[in-house]
file coords_32.cif (mmCIF, C-alpha atoms)
data_structure
loop_
_atom_site.label_atom_id
_atom_site.label_comp_id
_atom_site.auth_asym_id
_atom_site.auth_seq_id
_atom_site.Cartn_x
_atom_site.Cartn_y
_atom_site.Cartn_z
CA MET A 1 -58.44 -57.69 -119.02
CA ILE A 2 -59.87 -61.10 -119.83
CA ARG A 3 -59.96 -63.45 -116.85
CA LEU A 4 -59.86 -67.24 -117.13
CA GLN A 5 -61.43 -69.77 -114.77
CA ARG A 6 -59.10 -70.97 -112.02
CA SER A 7 -60.45 -74.47 -112.59
CA LEU A 8 -58.37 -74.58 -115.80
CA ILE A 9 -55.20 -74.93 -113.74
CA GLU A 10 -56.44 -76.85 -110.69
CA GLY A 11 -55.38 -80.21 -112.10
CA LEU A 12 -51.93 -78.85 -112.88
CA LYS A 13 -51.08 -78.96 -109.19
CA SER A 14 -51.22 -82.76 -108.98
CA SER A 15 -48.09 -84.76 -108.14
CA ILE A 16 -49.53 -87.94 -109.65
CA PRO A 17 -48.02 -88.32 -113.14
CA GLU A 18 -51.11 -89.74 -114.85
CA ILE A 19 -53.40 -87.05 -113.43
CA LEU A 20 -50.95 -84.24 -114.19
CA LEU A 21 -50.43 -85.45 -117.77
CA GLN A 22 -54.16 -85.63 -118.43
CA ALA A 23 -54.69 -82.18 -116.87
CA LEU A 24 -51.97 -80.73 -119.09
CA ARG A 25 -53.54 -82.24 -122.20
CA GLN A 26 -56.93 -80.77 -121.29
CA ALA A 27 -55.44 -77.36 -120.50
CA LEU A 28 -53.43 -77.33 -123.74
CA GLN A 29 -56.58 -78.12 -125.74
CA GLN A 30 -58.13 -75.10 -124.04
CA ALA A 31 -55.07 -73.09 -125.06
CA VAL A 32 -55.50 -74.12 -128.71
CA MET A 33 -59.16 -73.10 -128.54
CA LEU A 34 -58.37 -69.81 -126.80
CA GLU A 35 -55.73 -68.79 -129.33
CA HIS A 36 -58.09 -69.58 -132.22
CA SER A 37 -61.05 -67.78 -130.62
CA THR A 38 -59.51 -64.33 -131.08
CA ILE A 39 -58.80 -64.84 -134.79
CA PRO A 40 -62.41 -64.43 -136.07
CA VAL A 41 -62.79 -61.34 -133.86
CA TYR A 42 -59.66 -59.70 -135.24
CA LEU A 43 -60.39 -60.79 -138.83
CA TYR A 44 -63.90 -59.33 -138.72
CA GLY A 45 -62.41 -55.99 -137.68
CA LEU A 46 -59.63 -56.25 -140.26
CA TYR A 47 -61.90 -57.04 -143.19
CA SER A 48 -64.31 -54.27 -142.25
CA LEU A 49 -61.55 -51.76 -143.07
CA ASP A 50 -61.00 -50.09 -146.41
CA GLU A 51 -57.23 -50.49 -146.44
CA SER A 52 -56.78 -47.50 -148.73
CA LYS A 53 -58.11 -45.31 -145.90
CA ASN A 54 -57.06 -47.28 -142.81
CA GLY A 55 -53.87 -48.99 -143.95
CA ALA A 56 -51.88 -48.56 -140.73
CA ILE A 57 -54.66 -50.06 -138.59
CA ALA A 58 -55.14 -52.93 -141.05
CA GLU A 59 -51.42 -53.69 -140.97
CA ILE A 60 -51.44 -53.88 -137.17
CA LEU A 61 -54.45 -56.20 -137.12
CA GLN A 62 -52.99 -58.43 -139.82
CA SER A 63 -49.71 -58.80 -137.92
CA VAL A 64 -51.53 -59.85 -134.76
CA VAL A 65 -53.67 -62.44 -136.60
CA VAL A 66 -50.54 -64.04 -138.08
CA GLU A 67 -49.04 -64.42 -134.61
CA GLU A 68 -52.27 -65.77 -133.12
CA MET A 69 -52.08 -68.51 -135.76
CA LEU A 70 -48.51 -69.19 -134.63
CA HIS A 71 -49.67 -69.35 -130.99
CA MET A 72 -52.35 -71.88 -131.91
CA THR A 73 -49.65 -73.94 -133.63
CA LEU A 74 -47.28 -73.75 -130.65
CA ALA A 75 -49.99 -74.88 -128.23
CA ALA A 76 -50.80 -77.77 -130.59
CA ASN A 77 -47.10 -78.71 -130.75
CA VAL A 78 -46.85 -78.91 -126.95
CA LEU A 79 -50.08 -80.95 -126.78
CA ASN A 80 -48.79 -83.37 -129.43
CA ALA A 81 -45.45 -83.68 -127.66
CA LEU A 82 -47.32 -84.89 -124.58
CA GLY A 83 -49.22 -87.54 -126.53
CA GLY A 84 -52.41 -85.54 -126.96
CA SER A 85 -54.31 -84.79 -130.16
CA PRO A 86 -55.59 -81.27 -130.92
CA ALA A 87 -59.32 -81.39 -131.64
CA ILE A 88 -60.10 -78.64 -134.16
CA ASP A 89 -62.59 -80.11 -136.63
CA THR A 90 -65.63 -79.98 -134.32
CA PRO A 91 -68.57 -77.56 -134.09
CA ASP A 92 -67.85 -76.72 -130.45
CA PHE A 93 -64.31 -75.63 -131.31
CA ILE A 94 -65.79 -72.37 -132.64
CA PRO A 95 -66.92 -69.90 -129.96
CA THR A 96 -70.35 -68.34 -130.00
CA TYR A 97 -70.33 -64.61 -130.67
CA PRO A 98 -71.33 -62.65 -128.70
CA GLY A 99 -70.03 -64.58 -125.73
CA ASN A 100 -67.12 -65.33 -123.45
CA LEU A 101 -63.89 -66.67 -124.89
CA PRO A 102 -63.06 -70.34 -124.10
CA GLY A 103 -62.26 -70.88 -120.44
CA SER A 104 -63.05 -67.34 -119.34
CA VAL A 105 -65.13 -66.59 -116.27
CA GLU A 106 -68.80 -65.85 -116.89
CA SER A 107 -68.44 -62.32 -115.57
CA SER A 108 -65.50 -61.72 -117.90
CA LEU A 109 -65.41 -59.84 -121.15
CA VAL A 110 -68.21 -60.56 -123.64
CA VAL A 111 -66.66 -60.63 -127.11
CA HIS A 112 -68.56 -59.60 -130.23
CA LEU A 113 -68.03 -59.93 -133.97
CA ARG A 114 -68.15 -56.26 -134.87
CA PRO A 115 -66.61 -53.97 -137.48
CA PHE A 116 -63.62 -51.98 -136.34
CA SER A 117 -64.43 -49.06 -134.02
CA GLN A 118 -63.02 -47.41 -130.92
CA ASP A 119 -65.31 -49.61 -128.80
CA GLN A 120 -64.09 -52.76 -130.54
CA LEU A 121 -60.50 -51.59 -130.10
CA MET A 122 -61.12 -51.54 -126.35
CA THR A 123 -62.19 -55.19 -126.62
CA TYR A 124 -58.91 -56.02 -128.36
CA LEU A 125 -56.99 -54.25 -125.61
CA GLN A 126 -58.88 -56.10 -122.89
CA ILE A 127 -58.15 -59.45 -124.54
CA GLU A 128 -54.43 -58.76 -124.81
CA GLN A 129 -53.82 -56.72 -121.64
CA PRO A 130 -51.07 -58.24 -119.46
CA ALA A 131 -51.38 -58.54 -115.71
CA LYS A 132 -49.01 -55.60 -115.27
CA ALA A 133 -48.87 -53.43 -118.34
CA ILE A 134 -45.96 -51.03 -118.59
CA ASP A 135 -47.37 -47.56 -117.98
CA ILE A 136 -46.52 -45.67 -121.17
CA PRO A 137 -49.32 -44.88 -120.03
CA SER A 138 -52.35 -47.18 -120.37
CA ASP A 139 -55.88 -46.47 -119.16
CA ALA A 140 -57.23 -50.03 -119.38
CA GLN A 141 -58.67 -51.51 -116.20
CA SER A 142 -58.41 -55.04 -114.82
CA ALA A 143 -60.82 -57.26 -112.94
CA ASP A 144 -60.13 -59.07 -109.67
CA ASP A 145 -61.59 -62.52 -110.35
CA GLY A 146 -59.99 -65.45 -112.13
CA ILE A 147 -56.52 -65.60 -113.65
CA THR A 148 -54.97 -63.82 -116.61
CA ILE A 149 -53.97 -65.51 -119.86
CA GLY A 150 -50.33 -64.98 -118.87
CA GLN A 151 -50.90 -66.65 -115.51
CA PHE A 152 -52.59 -69.56 -117.30
CA TYR A 153 -49.51 -70.08 -119.46
CA ASP A 154 -47.19 -69.64 -116.46
CA ALA A 155 -49.08 -72.45 -114.73
CA LEU A 156 -48.74 -74.64 -117.83
CA ALA A 157 -44.98 -74.06 -117.94
CA ALA A 158 -44.59 -74.82 -114.23
CA ALA A 159 -46.64 -78.02 -114.51
CA ILE A 160 -44.60 -79.18 -117.51
CA THR A 161 -41.42 -78.70 -115.48
CA VAL A 162 -42.83 -80.83 -112.67
CA LEU A 163 -44.11 -83.50 -115.07
CA ALA A 164 -40.68 -83.87 -116.69
CA VAL A 165 -39.24 -84.67 -113.26
CA ILE A 166 -41.87 -87.10 -112.02
CA ASP A 167 -42.46 -88.74 -115.43
CA PRO A 168 -39.33 -88.50 -117.62
CA LYS A 169 -41.08 -90.42 -120.41
CA ALA A 170 -44.04 -88.05 -120.65
CA PHE A 171 -42.71 -86.44 -123.82
CA VAL A 172 -43.16 -88.62 -126.89
CA ASN A 173 -39.89 -89.78 -128.42
CA PRO A 174 -39.30 -89.32 -131.33
CA ALA A 175 -41.02 -85.95 -131.81
CA ARG A 176 -44.65 -86.39 -132.84
CA ASN A 177 -46.84 -84.35 -135.23
CA GLN A 178 -44.74 -81.19 -134.94
CA VAL A 179 -45.24 -78.15 -137.18
CA GLY A 180 -41.73 -76.74 -137.14
CA PRO A 181 -40.07 -73.52 -138.32
CA ASP A 182 -39.52 -75.07 -141.76
CA LEU A 183 -43.30 -74.84 -142.21
CA MET A 184 -44.18 -71.84 -140.03
CA TRP A 185 -41.69 -69.11 -139.18
CA GLY A 186 -41.16 -68.77 -135.43
CA SER A 187 -42.54 -72.18 -134.54
CA VAL A 188 -40.79 -74.44 -132.01
CA ILE A 189 -40.43 -78.21 -132.31
CA VAL A 190 -41.34 -79.53 -128.86
CA THR A 191 -39.44 -82.59 -127.66
CA ASP A 192 -38.91 -81.94 -123.94
CA ALA A 193 -39.69 -79.58 -121.08
CA ALA A 194 -37.18 -76.95 -122.21
CA SER A 195 -38.59 -76.70 -125.74
CA ALA A 196 -42.16 -76.74 -124.35
CA ARG A 197 -41.31 -73.80 -122.09
CA LYS A 198 -39.74 -71.99 -125.06
CA ALA A 199 -42.95 -72.45 -127.08
CA ILE A 200 -45.06 -71.14 -124.19
CA ALA A 201 -42.70 -68.19 -123.63
CA THR A 202 -43.10 -67.22 -127.28
CA ILE A 203 -46.90 -67.12 -126.89
CA VAL A 204 -46.70 -64.97 -123.76
CA GLU A 205 -44.03 -62.56 -124.99
CA GLN A 206 -45.74 -61.95 -128.32
CA GLY A 207 -49.07 -61.37 -126.62
CA GLU A 208 -48.02 -59.42 -123.53
CA GLY A 209 -44.37 -58.42 -123.89
CA SER A 210 -42.01 -58.87 -120.97
CA LYS A 211 -42.18 -57.31 -117.53
CA VAL A 212 -39.48 -54.80 -118.53
CA SER A 213 -40.25 -54.12 -122.21
CA PRO A 214 -43.32 -53.66 -124.42
CA ASP A 215 -41.51 -55.48 -127.24
CA GLU A 216 -41.95 -59.20 -127.86
CA SER A 217 -38.15 -59.61 -128.19
CA THR A 218 -35.02 -57.48 -128.14
CA ASP A 219 -35.35 -56.69 -131.86
CA GLY A 220 -39.01 -57.50 -132.40
CA PRO A 221 -42.16 -55.40 -132.76
CA PRO A 222 -44.32 -54.41 -129.79
CA ALA A 223 -46.36 -57.20 -128.20
CA HIS A 224 -50.04 -57.37 -129.15
CA TYR A 225 -51.32 -55.19 -126.33
CA TYR A 226 -48.91 -52.38 -127.12
CA ARG A 227 -49.49 -52.83 -130.86
CA PHE A 228 -53.19 -52.15 -130.29
CA MET A 229 -52.32 -49.27 -127.96
CA GLN A 230 -50.69 -47.58 -130.97
CA ILE A 231 -54.15 -47.32 -132.53
CA TYR A 232 -55.61 -46.00 -129.27
CA ALA A 233 -52.80 -43.43 -128.91
CA GLY A 234 -52.87 -42.49 -132.58
CA ALA A 235 -49.16 -43.01 -133.11
CA MET A 236 -46.57 -45.76 -133.37
CA LEU A 237 -44.60 -46.78 -130.29
CA GLN A 238 -40.92 -45.92 -130.39
CA SER A 239 -37.90 -45.66 -128.14
CA ALA A 240 -37.70 -42.47 -126.08
CA PRO A 241 -34.30 -42.31 -124.35
CA GLY A 242 -34.30 -40.16 -121.24
CA LYS A 243 -37.97 -40.75 -120.50
CA THR A 244 -39.38 -43.06 -117.83
CA PRO A 245 -40.32 -45.54 -119.13
CA PRO A 246 -38.10 -45.14 -122.19
CA TRP A 247 -40.84 -45.51 -124.83
CA ALA A 248 -43.47 -43.17 -126.19
CA TYR A 249 -46.35 -43.26 -128.65
CA SER A 250 -44.71 -40.54 -130.70
CA GLY A 251 -43.88 -42.23 -134.00
CA ALA A 252 -45.70 -42.18 -137.31
CA PRO A 253 -49.41 -41.37 -136.97
CA VAL A 254 -51.98 -44.19 -136.80
CA LEU A 255 -55.24 -42.51 -137.68
CA MET A 256 -58.73 -43.95 -138.07
CA ASP A 257 -60.87 -42.78 -140.96
CA VAL A 258 -64.47 -43.65 -140.08
CA GLU A 259 -65.38 -43.26 -143.77
CA GLY A 260 -63.12 -46.22 -144.42
CA ILE A 261 -65.10 -48.72 -142.31
CA TYR A 262 -67.76 -50.74 -144.07
CA PRO A 263 -71.26 -50.74 -142.48
CA VAL A 264 -71.39 -54.48 -141.81
CA PRO A 265 -73.68 -55.95 -139.13
CA ASN A 266 -72.73 -56.78 -135.57
CA ASN A 267 -72.71 -60.47 -134.59
CA PRO A 268 -74.04 -61.85 -137.89
CA LYS A 269 -75.71 -65.26 -137.96
CA ALA A 270 -76.54 -67.45 -140.92
CA ALA A 271 -80.13 -67.55 -139.66
CA ASN A 272 -80.37 -63.76 -140.01
CA TYR A 273 -79.90 -63.82 -143.80
CA ALA A 274 -82.97 -64.49 -145.92
CA PRO A 275 -82.87 -68.01 -147.40
CA GLY A 276 -81.77 -67.94 -151.01
CA SER A 277 -80.60 -64.33 -150.84
CA ALA A 278 -77.20 -63.25 -152.16
CA GLN A 279 -76.17 -62.53 -148.57
CA ALA A 280 -77.12 -66.03 -147.41
CA LEU A 281 -75.31 -67.68 -150.31
CA ALA A 282 -72.14 -65.63 -149.72
CA ASN A 283 -72.20 -66.36 -145.99
CA ASP A 284 -72.78 -70.08 -146.53
CA MET A 285 -69.82 -70.24 -148.91
CA PHE A 286 -67.65 -68.37 -146.41
CA ASN A 287 -68.63 -70.69 -143.55
CA TYR A 288 -68.03 -73.75 -145.73
CA THR A 289 -64.54 -72.46 -146.58
CA TYR A 290 -63.88 -71.60 -142.93
CA THR A 291 -64.91 -75.10 -141.85
CA SER A 292 -62.71 -76.56 -144.58
CA LEU A 293 -59.82 -74.52 -143.15
CA LEU A 294 -60.43 -75.96 -139.68
CA LYS A 295 -60.40 -79.45 -141.22
CA ALA A 296 -57.12 -78.68 -142.99
CA LEU A 297 -55.54 -77.38 -139.77
CA HIS A 298 -56.84 -80.42 -137.88
CA ALA A 299 -55.04 -82.64 -140.39
CA LEU A 300 -51.89 -80.47 -140.24
CA PHE A 301 -51.73 -80.76 -136.45
CA ASN A 302 -52.58 -84.45 -136.37
CA GLY A 303 -49.92 -86.09 -138.49
CA GLN A 304 -50.18 -84.51 -141.94
CA ASN A 305 -47.48 -81.97 -141.07
CA THR A 306 -46.22 -81.46 -144.62
CA GLN A 307 -45.67 -78.47 -146.90
CA ASP A 308 -48.46 -79.73 -149.16
CA GLN A 309 -50.95 -79.78 -146.28
CA LEU A 310 -49.84 -76.34 -145.13
CA ASN A 311 -50.32 -75.09 -148.69
CA VAL A 312 -53.90 -76.40 -148.59
CA ALA A 313 -54.52 -74.41 -145.41
CA ILE A 314 -52.88 -71.27 -146.82
CA GLY A 315 -54.98 -71.53 -149.97
CA LEU A 316 -58.15 -71.72 -147.88
CA MET A 317 -56.99 -68.73 -145.81
CA MET A 318 -56.52 -66.68 -148.96
CA SER A 319 -59.93 -67.77 -150.25
CA LEU A 320 -61.50 -66.71 -146.94
CA LYS A 321 -59.83 -63.33 -147.17
CA GLY A 322 -61.09 -62.74 -150.69
CA GLN A 323 -64.62 -63.83 -149.85
CA ALA A 324 -64.80 -61.77 -146.65
CA LYS A 325 -63.41 -58.59 -148.20
CA ALA A 326 -65.86 -58.83 -151.10
CA MET A 327 -68.84 -59.51 -148.79
CA MET A 328 -67.97 -56.72 -146.38
CA ALA A 329 -67.17 -54.16 -149.08
CA GLY A 330 -70.59 -54.68 -150.69
CA ILE A 331 -69.26 -56.35 -153.84
CA PRO A 332 -70.86 -56.74 -156.35
CA ASN A 333 -73.85 -54.64 -155.24
CA PRO A 334 -72.93 -51.86 -152.77
CA SER A 335 -76.56 -50.72 -152.66
CA ALA A 336 -77.63 -54.05 -151.13
CA PRO A 337 -77.31 -54.84 -147.41
CA TYR A 338 -73.67 -55.34 -146.45
CA THR A 339 -72.86 -58.89 -145.44
CA GLY A 340 -70.74 -59.94 -142.48
CA PRO A 341 -69.34 -63.49 -142.32
CA SER A 342 -70.71 -65.35 -139.30
CA PHE A 343 -67.83 -67.81 -138.69
CA GLU A 344 -70.09 -70.82 -138.12
CA TYR A 345 -69.43 -74.53 -138.63
CA LYS A 346 -70.72 -75.71 -142.02
CA PRO A 347 -69.09 -78.95 -143.24
CA VAL A 348 -71.44 -79.33 -146.22
CA LEU A 349 -72.33 -76.63 -148.71
CA PRO A 350 -76.15 -76.52 -149.16
CA ALA A 351 -77.47 -77.57 -152.55
CA ARG A 352 -78.40 -74.66 -154.78
#

call {"tool": "encode", "arguments": {"input": "coords_32.cif", "output": "structure tokens"}}
result
Amino acid sequence: MIRLQRSLIEGLKSSIPEILLQALRQALQQAVMLEHSTIPVYLYGLYSLDESKNGAIAEILQSVVVEEMLHMTLAANVLNALGGSPAIDTPDFIPTYPGNLPGSVESSLVVHLRPFSQDQLMTYLQIEQPAKAIDIPSDAQSADDGITIGQFYDALAAAITVLAVIDPKAFVNPARNQVGPDLMWGSVIVTDAASARKAIATIVEQGEGSKVSPDESTDGPPAHYYRFMQIYAGAMLQSAPGKTPPWAYSGAPVLMDVEGIYPVPNNPKAANYAPGSAQALANDMFNYTYTSLLKALHALFNGQNTQDQLNVAIGLMMSLKGQAKAMMAGIPNPSAPYTGPSFEYKPVLPAR
């Protein structure tokens, strides 16, 4: 289980409105960064898969990535509602891989950009593991230091409740820079403490499930941790009336075909590709597109919350997908070294 630094929530205990508001803005920026930081990790695993051989695993990873994007949006909505401004278009917004995720304790999980494998699956499970996973069963272990991601969000929700009482004008009126459900399915327009708590609850329930169910809602799919556990268990999670707990990994098989995983490098860096090589050129183009996507999302979350701006971001996402899948599948030359995208900040494409 990933553990976050307790210092992230220390300021949330203040009863002074100005201090509490600033602490919430800082913590919510950390939340935006944290939600984004898992996306390159999951995408690297996803695009390393030959979907014709590992379709079920790819579908699970894709579904989690989509919801991580929603979580990033929800955290940005809460930050904007409190008068903050999400900072996304900066080099330090992108984590360093391998390394700790934003805000995590130094002794916490070290996260790598690696192709999908059983070892990398354990990393996914550690990232998403709730404080008290429902024993269906699960063999993952937890650490004793720091706080969990769920506890971090619980502290945010509690602090927002207090802030609304001691500073009734803390929430910007009218609603400011919100990406609503008309643009992104499942999003929440944040205007007050109640809608802020709803946005935070969505993040937690989709990531961890509830304390009594592995599902993210009464009619929704399993939360991220249990979705990944389906890969570990080799079968889909389904209801199992009469059992305790009443769920079992006994549905359709989820099998991994190791022949359907491309031999891409671990923790690629732009500096590791020979200057002028096809690999370097492909990686530079990927990183330029990735940075352009961050710029587009920065604009989307900072006032340009329109369908046109969202379409720009979606177009860049699709371009990234195409580039990454071609690079990692060895296209056009499968006999050459396979190329892994390094997810680094590159605002200018080098001259050819």

call {"tool": "resolve_selection", "arguments": {"input": "coords_32.cif", "expression": "the PyMOL selection byres ((chain A and resi 270) around 7)", "output": "PyMOL selection string"}}
result
chain A and resi 268-269+271-273+280+283+342

call {"tool": "resolve_selection", "arguments": {"input": "coords_32.cif", "expression": "the PyMOL selection byres ((chain A and resi 34-39) around 9)", "output": "PyMOL selection string"}}
result
chain A and resi 29-33+40-44+64-66+68-72+75+93-95+101-103+111+124+127

call {"tool": "closest_atom_pairs", "arguments": {"input": "coords_32.cif", "of": "region 251-326 of chain A", "to": "region 164-179 of chain A", "cutoff": "10 Å", "atoms": "all atoms listed in the file", "output": "tab-separated table"}}
result
residue	atom	partner	partner_atom	distance
A:Ala299	CA	A:Asn177	CA	9.8
A:Leu300	CA	A:Val179	CA	7.7
A:Phe301	CA	A:Asn177	CA	6.2
A:Asn302	CA	A:Asn177	CA	5.9
A:Gly303	CA	A:Asn177	CA	4.8
A:Gln304	CA	A:Asn177	CA	7.5
A:Asn305	CA	A:Val179	CA	5.9
A:Thr306	CA	A:Val179	CA	8.2
A:Gln307	CA	A:Val179	CA	9.7
A:Leu310	CA	A:Val179	CA	9.4

call {"tool": "closest_residue", "arguments": {"input": "coords_32.cif", "among": "A:Pro91, A:Gly242, A:Gly340, A:Pro17", "to": "Ala159 (chain A)", "atoms": "all atoms listed in the file"}}
result
A:Pro17

call {"tool": "resolve_selection", "arguments": {"input": "coords_32.cif", "expression": "the PyMOL selection byres ((chain A and resi 260) around 7)", "output": "ChimeraX atom specification"}}
result
/A:49-50,53-54,257-259,261-262

call {"tool": "write_last_selection", "arguments": {"input": "coords_32.cif", "atoms": "C-alpha atoms", "output": "short mmCIF file (atom, residue, chain, number, x, y, z; two decimals), keeping the file's coordinate frame"}}
result
data_model
loop_
_atom_site.label_atom_id
_atom_site.label_comp_id
_atom_site.auth_asym_id
_atom_site.auth_seq_id
_atom_site.Cartn_x
_atom_site.Cartn_y
_atom_site.Cartn_z
CA LEU A 49 -61.55 -51.76 -143.07
CA ASP A 50 -61.00 -50.09 -146.41
CA LYS A 53 -58.11 -45.31 -145.90
CA ASN A 54 -57.06 -47.28 -142.81
CA ASP A 257 -60.87 -42.78 -140.96
CA VAL A 258 -64.47 -43.65 -140.08
CA GLU A 259 -65.38 -43.26 -143.77
CA ILE A 261 -65.10 -48.72 -142.31
CA TYR A 262 -67.76 -50.74 -144.07
#

call {"tool": "atom_distance", "arguments": {"input": "coords_32.cif", "atom1": "CA of Gln230 (chain A)", "atom2": "CA of Ile203 (chain A)"}}
result
20.3 Å

call {"tool": "atom_distance", "arguments": {"input": "coords_32.cif", "atom1": "CA of Leu293 (chain A)", "atom2": "CA of Met317 (chain A)"}}
result
7.0 Å

call {"tool": "residues_near_point", "arguments": {"input": "coords_32.cif", "point": "(-43.4, -43.3, -131.2)", "cutoff": "6 Å", "atoms": "only C-alpha atoms", "output": "PyMOL selection string"}}
result
chain A and resi 236-238+248-251

call {"tool": "atom_distance", "arguments": {"input": "coords_32.cif", "atom1": "CA of Val162 (chain A)", "atom2": "CA of Gly209 (chain A)"}}
result
25.1 Å

call {"tool": "closest_residue", "arguments": {"input": "coords_32.cif", "among": "A:Leu46, A:Met285, A:Ala233, A:Leu21", "to": "Gly83 (chain A)", "atoms": "only C-alpha atoms"}}
result
A:Leu21

call {"tool": "closest_residue", "arguments": {"input": "coords_32.cif", "among": "A:Asn266, A:Gln22, A:Ser213, A:Ser292", "to": "Pro246 (chain A)", "atoms": "all atoms listed in the file"}}
result
A:Ser213

call {"tool": "residues_around", "arguments": {"input": "coords_32.cif", "residues": "Leu316 (chain A)", "least_positions_apart": "2", "cutoff": "9 Å", "atoms": "only C-alpha atoms", "output": "PDB file with C-alpha atoms, in the frame of the given file"}}
result
ATOM      1  CA  THR A 289     -64.540 -72.460-146.580  1.00  0.00           C
ATOM      2  CA  TYR A 290     -63.880 -71.600-142.930  1.00  0.00           C
ATOM      3  CA  SER A 292     -62.710 -76.560-144.580  1.00  0.00           C
ATOM      4  CA  LEU A 293     -59.820 -74.520-143.150  1.00  0.00           C
ATOM      5  CA  ALA A 296     -57.120 -78.680-142.990  1.00  0.00           C
ATOM      6  CA  ASN A 311     -50.320 -75.090-148.690  1.00  0.00           C
ATOM      7  CA  VAL A 312     -53.900 -76.400-148.590  1.00  0.00           C
ATOM      8  CA  ALA A 313     -54.520 -74.410-145.410  1.00  0.00           C
ATOM      9  CA  ILE A 314     -52.880 -71.270-146.820  1.00  0.00           C
ATOM     10  CA  MET A 318     -56.520 -66.680-148.960  1.00  0.00           C
ATOM     11  CA  SER A 319     -59.930 -67.770-150.250  1.00  0.00           C
ATOM     12  CA  LEU A 320     -61.500 -66.710-146.940  1.00  0.00           C
ATOM     13  CA  LYS A 321     -59.830 -63.330-147.170  1.00  0.00           C
TER      14      LYS A 321
END

call {"tool": "residues_around", "arguments": {"input": "coords_32.cif", "residues": "Gly180 (chain A)", "least_positions_apart": "3", "cutoff": "9 Å", "atoms": "all atoms listed in the file", "output": "list of chain:residue names"}}
result
A:Asn77, A:Leu183, A:Met184, A:Trp185, A:Gly186, A:Ser187, A:Val188, A:Ile189, A:Val190, A:Asn305

call {"tool": "closest_residue", "arguments": {"input": "coords_32.cif", "among": "A:Leu297, A:Ala326, A:Ile9, A:Ala158", "to": "Gln279 (chain A)", "atoms": "all atoms listed in the file"}}
result
A:Ala326

call {"tool": "closest_residue", "arguments": {"input": "coords_32.cif", "among": "A:Ser195, A:Asn287, A:Thr73, A:Thr148", "to": "Arg6 (chain A)", "atoms": "all atoms listed in the file"}}
result
A:Thr148

call {"tool": "build_atoms", "arguments": {"input": "coords_32.cif", "residues": "region 345-349 of chain A", "atoms": "all heavy atoms", "output": "PDB file, in the coordinates of the input"}}
result
ATOM      1  N   TYR A 345     -69.850 -73.221-138.132  1.00  0.00           N
ATOM      2  CA  TYR A 345     -69.430 -74.530-138.630  1.00  0.00           C
ATOM      3  C   TYR A 345     -70.387 -75.015-139.709  1.00  0.00           C
ATOM      4  O   TYR A 345     -71.582 -75.178-139.469  1.00  0.00           O
ATOM      5  CB  TYR A 345     -69.381 -75.529-137.471  1.00  0.00           C
ATOM      6  CG  TYR A 345     -68.681 -76.835-137.776  1.00  0.00           C
ATOM      7  CD1 TYR A 345     -67.292 -76.932-137.703  1.00  0.00           C
ATOM      8  CD2 TYR A 345     -69.401 -77.976-138.118  1.00  0.00           C
ATOM      9  CE1 TYR A 345     -66.642 -78.129-137.971  1.00  0.00           C
ATOM     10  CE2 TYR A 345     -68.756 -79.175-138.381  1.00  0.00           C
ATOM     11  CZ  TYR A 345     -67.375 -79.245-138.307  1.00  0.00           C
ATOM     12  OH  TYR A 345     -66.732 -80.426-138.565  1.00  0.00           O
ATOM     13  N   LYS A 346     -69.880 -75.227-140.917  1.00  0.00           N
ATOM     14  CA  LYS A 346     -70.720 -75.710-142.020  1.00  0.00           C
ATOM     15  C   LYS A 346     -69.882 -76.680-142.866  1.00  0.00           C
ATOM     16  O   LYS A 346     -69.202 -76.282-143.815  1.00  0.00           O
ATOM     17  CB  LYS A 346     -71.225 -74.534-142.877  1.00  0.00           C
ATOM     18  CG  LYS A 346     -72.170 -74.967-143.990  1.00  0.00           C
ATOM     19  CD  LYS A 346     -72.843 -73.782-144.639  1.00  0.00           C
ATOM     20  CE  LYS A 346     -73.918 -73.172-143.775  1.00  0.00           C
ATOM     21  NZ  LYS A 346     -75.065 -74.092-143.562  1.00  0.00           N
ATOM     22  N   PRO A 347     -69.919 -77.973-142.527  1.00  0.00           N
ATOM     23  CA  PRO A 347     -69.090 -78.950-143.240  1.00  0.00           C
ATOM     24  C   PRO A 347     -69.600 -79.307-144.626  1.00  0.00           C
ATOM     25  O   PRO A 347     -68.852 -79.850-145.434  1.00  0.00           O
ATOM     26  CB  PRO A 347     -69.126 -80.166-142.319  1.00  0.00           C
ATOM     27  CG  PRO A 347     -70.412 -80.034-141.572  1.00  0.00           C
ATOM     28  CD  PRO A 347     -70.636 -78.562-141.393  1.00  0.00           C
ATOM     29  N   VAL A 348     -70.867 -78.996-144.915  1.00  0.00           N
ATOM     30  CA  VAL A 348     -71.440 -79.330-146.220  1.00  0.00           C
ATOM     31  C   VAL A 348     -72.078 -78.069-146.805  1.00  0.00           C
ATOM     32  O   VAL A 348     -72.842 -77.377-146.125  1.00  0.00           O
ATOM     33  CB  VAL A 348     -72.510 -80.436-146.099  1.00  0.00           C
ATOM     34  CG1 VAL A 348     -73.133 -80.730-147.460  1.00  0.00           C
ATOM     35  CG2 VAL A 348     -71.907 -81.700-145.508  1.00  0.00           C
ATOM     36  N   LEU A 349     -71.752 -77.793-148.042  1.00  0.00           N
ATOM     37  CA  LEU A 349     -72.330 -76.630-148.710  1.00  0.00           C
ATOM     38  C   LEU A 349     -73.740 -76.977-149.166  1.00  0.00           C
ATOM     39  O   LEU A 349     -73.936 -77.972-149.871  1.00  0.00           O
ATOM     40  CB  LEU A 349     -71.471 -76.226-149.902  1.00  0.00           C
ATOM     41  CG  LEU A 349     -71.774 -74.875-150.551  1.00  0.00           C
ATOM     42  CD1 LEU A 349     -71.574 -73.750-149.553  1.00  0.00           C
ATOM     43  CD2 LEU A 349     -70.894 -74.675-151.773  1.00  0.00           C
TER      44      LEU A 349
END
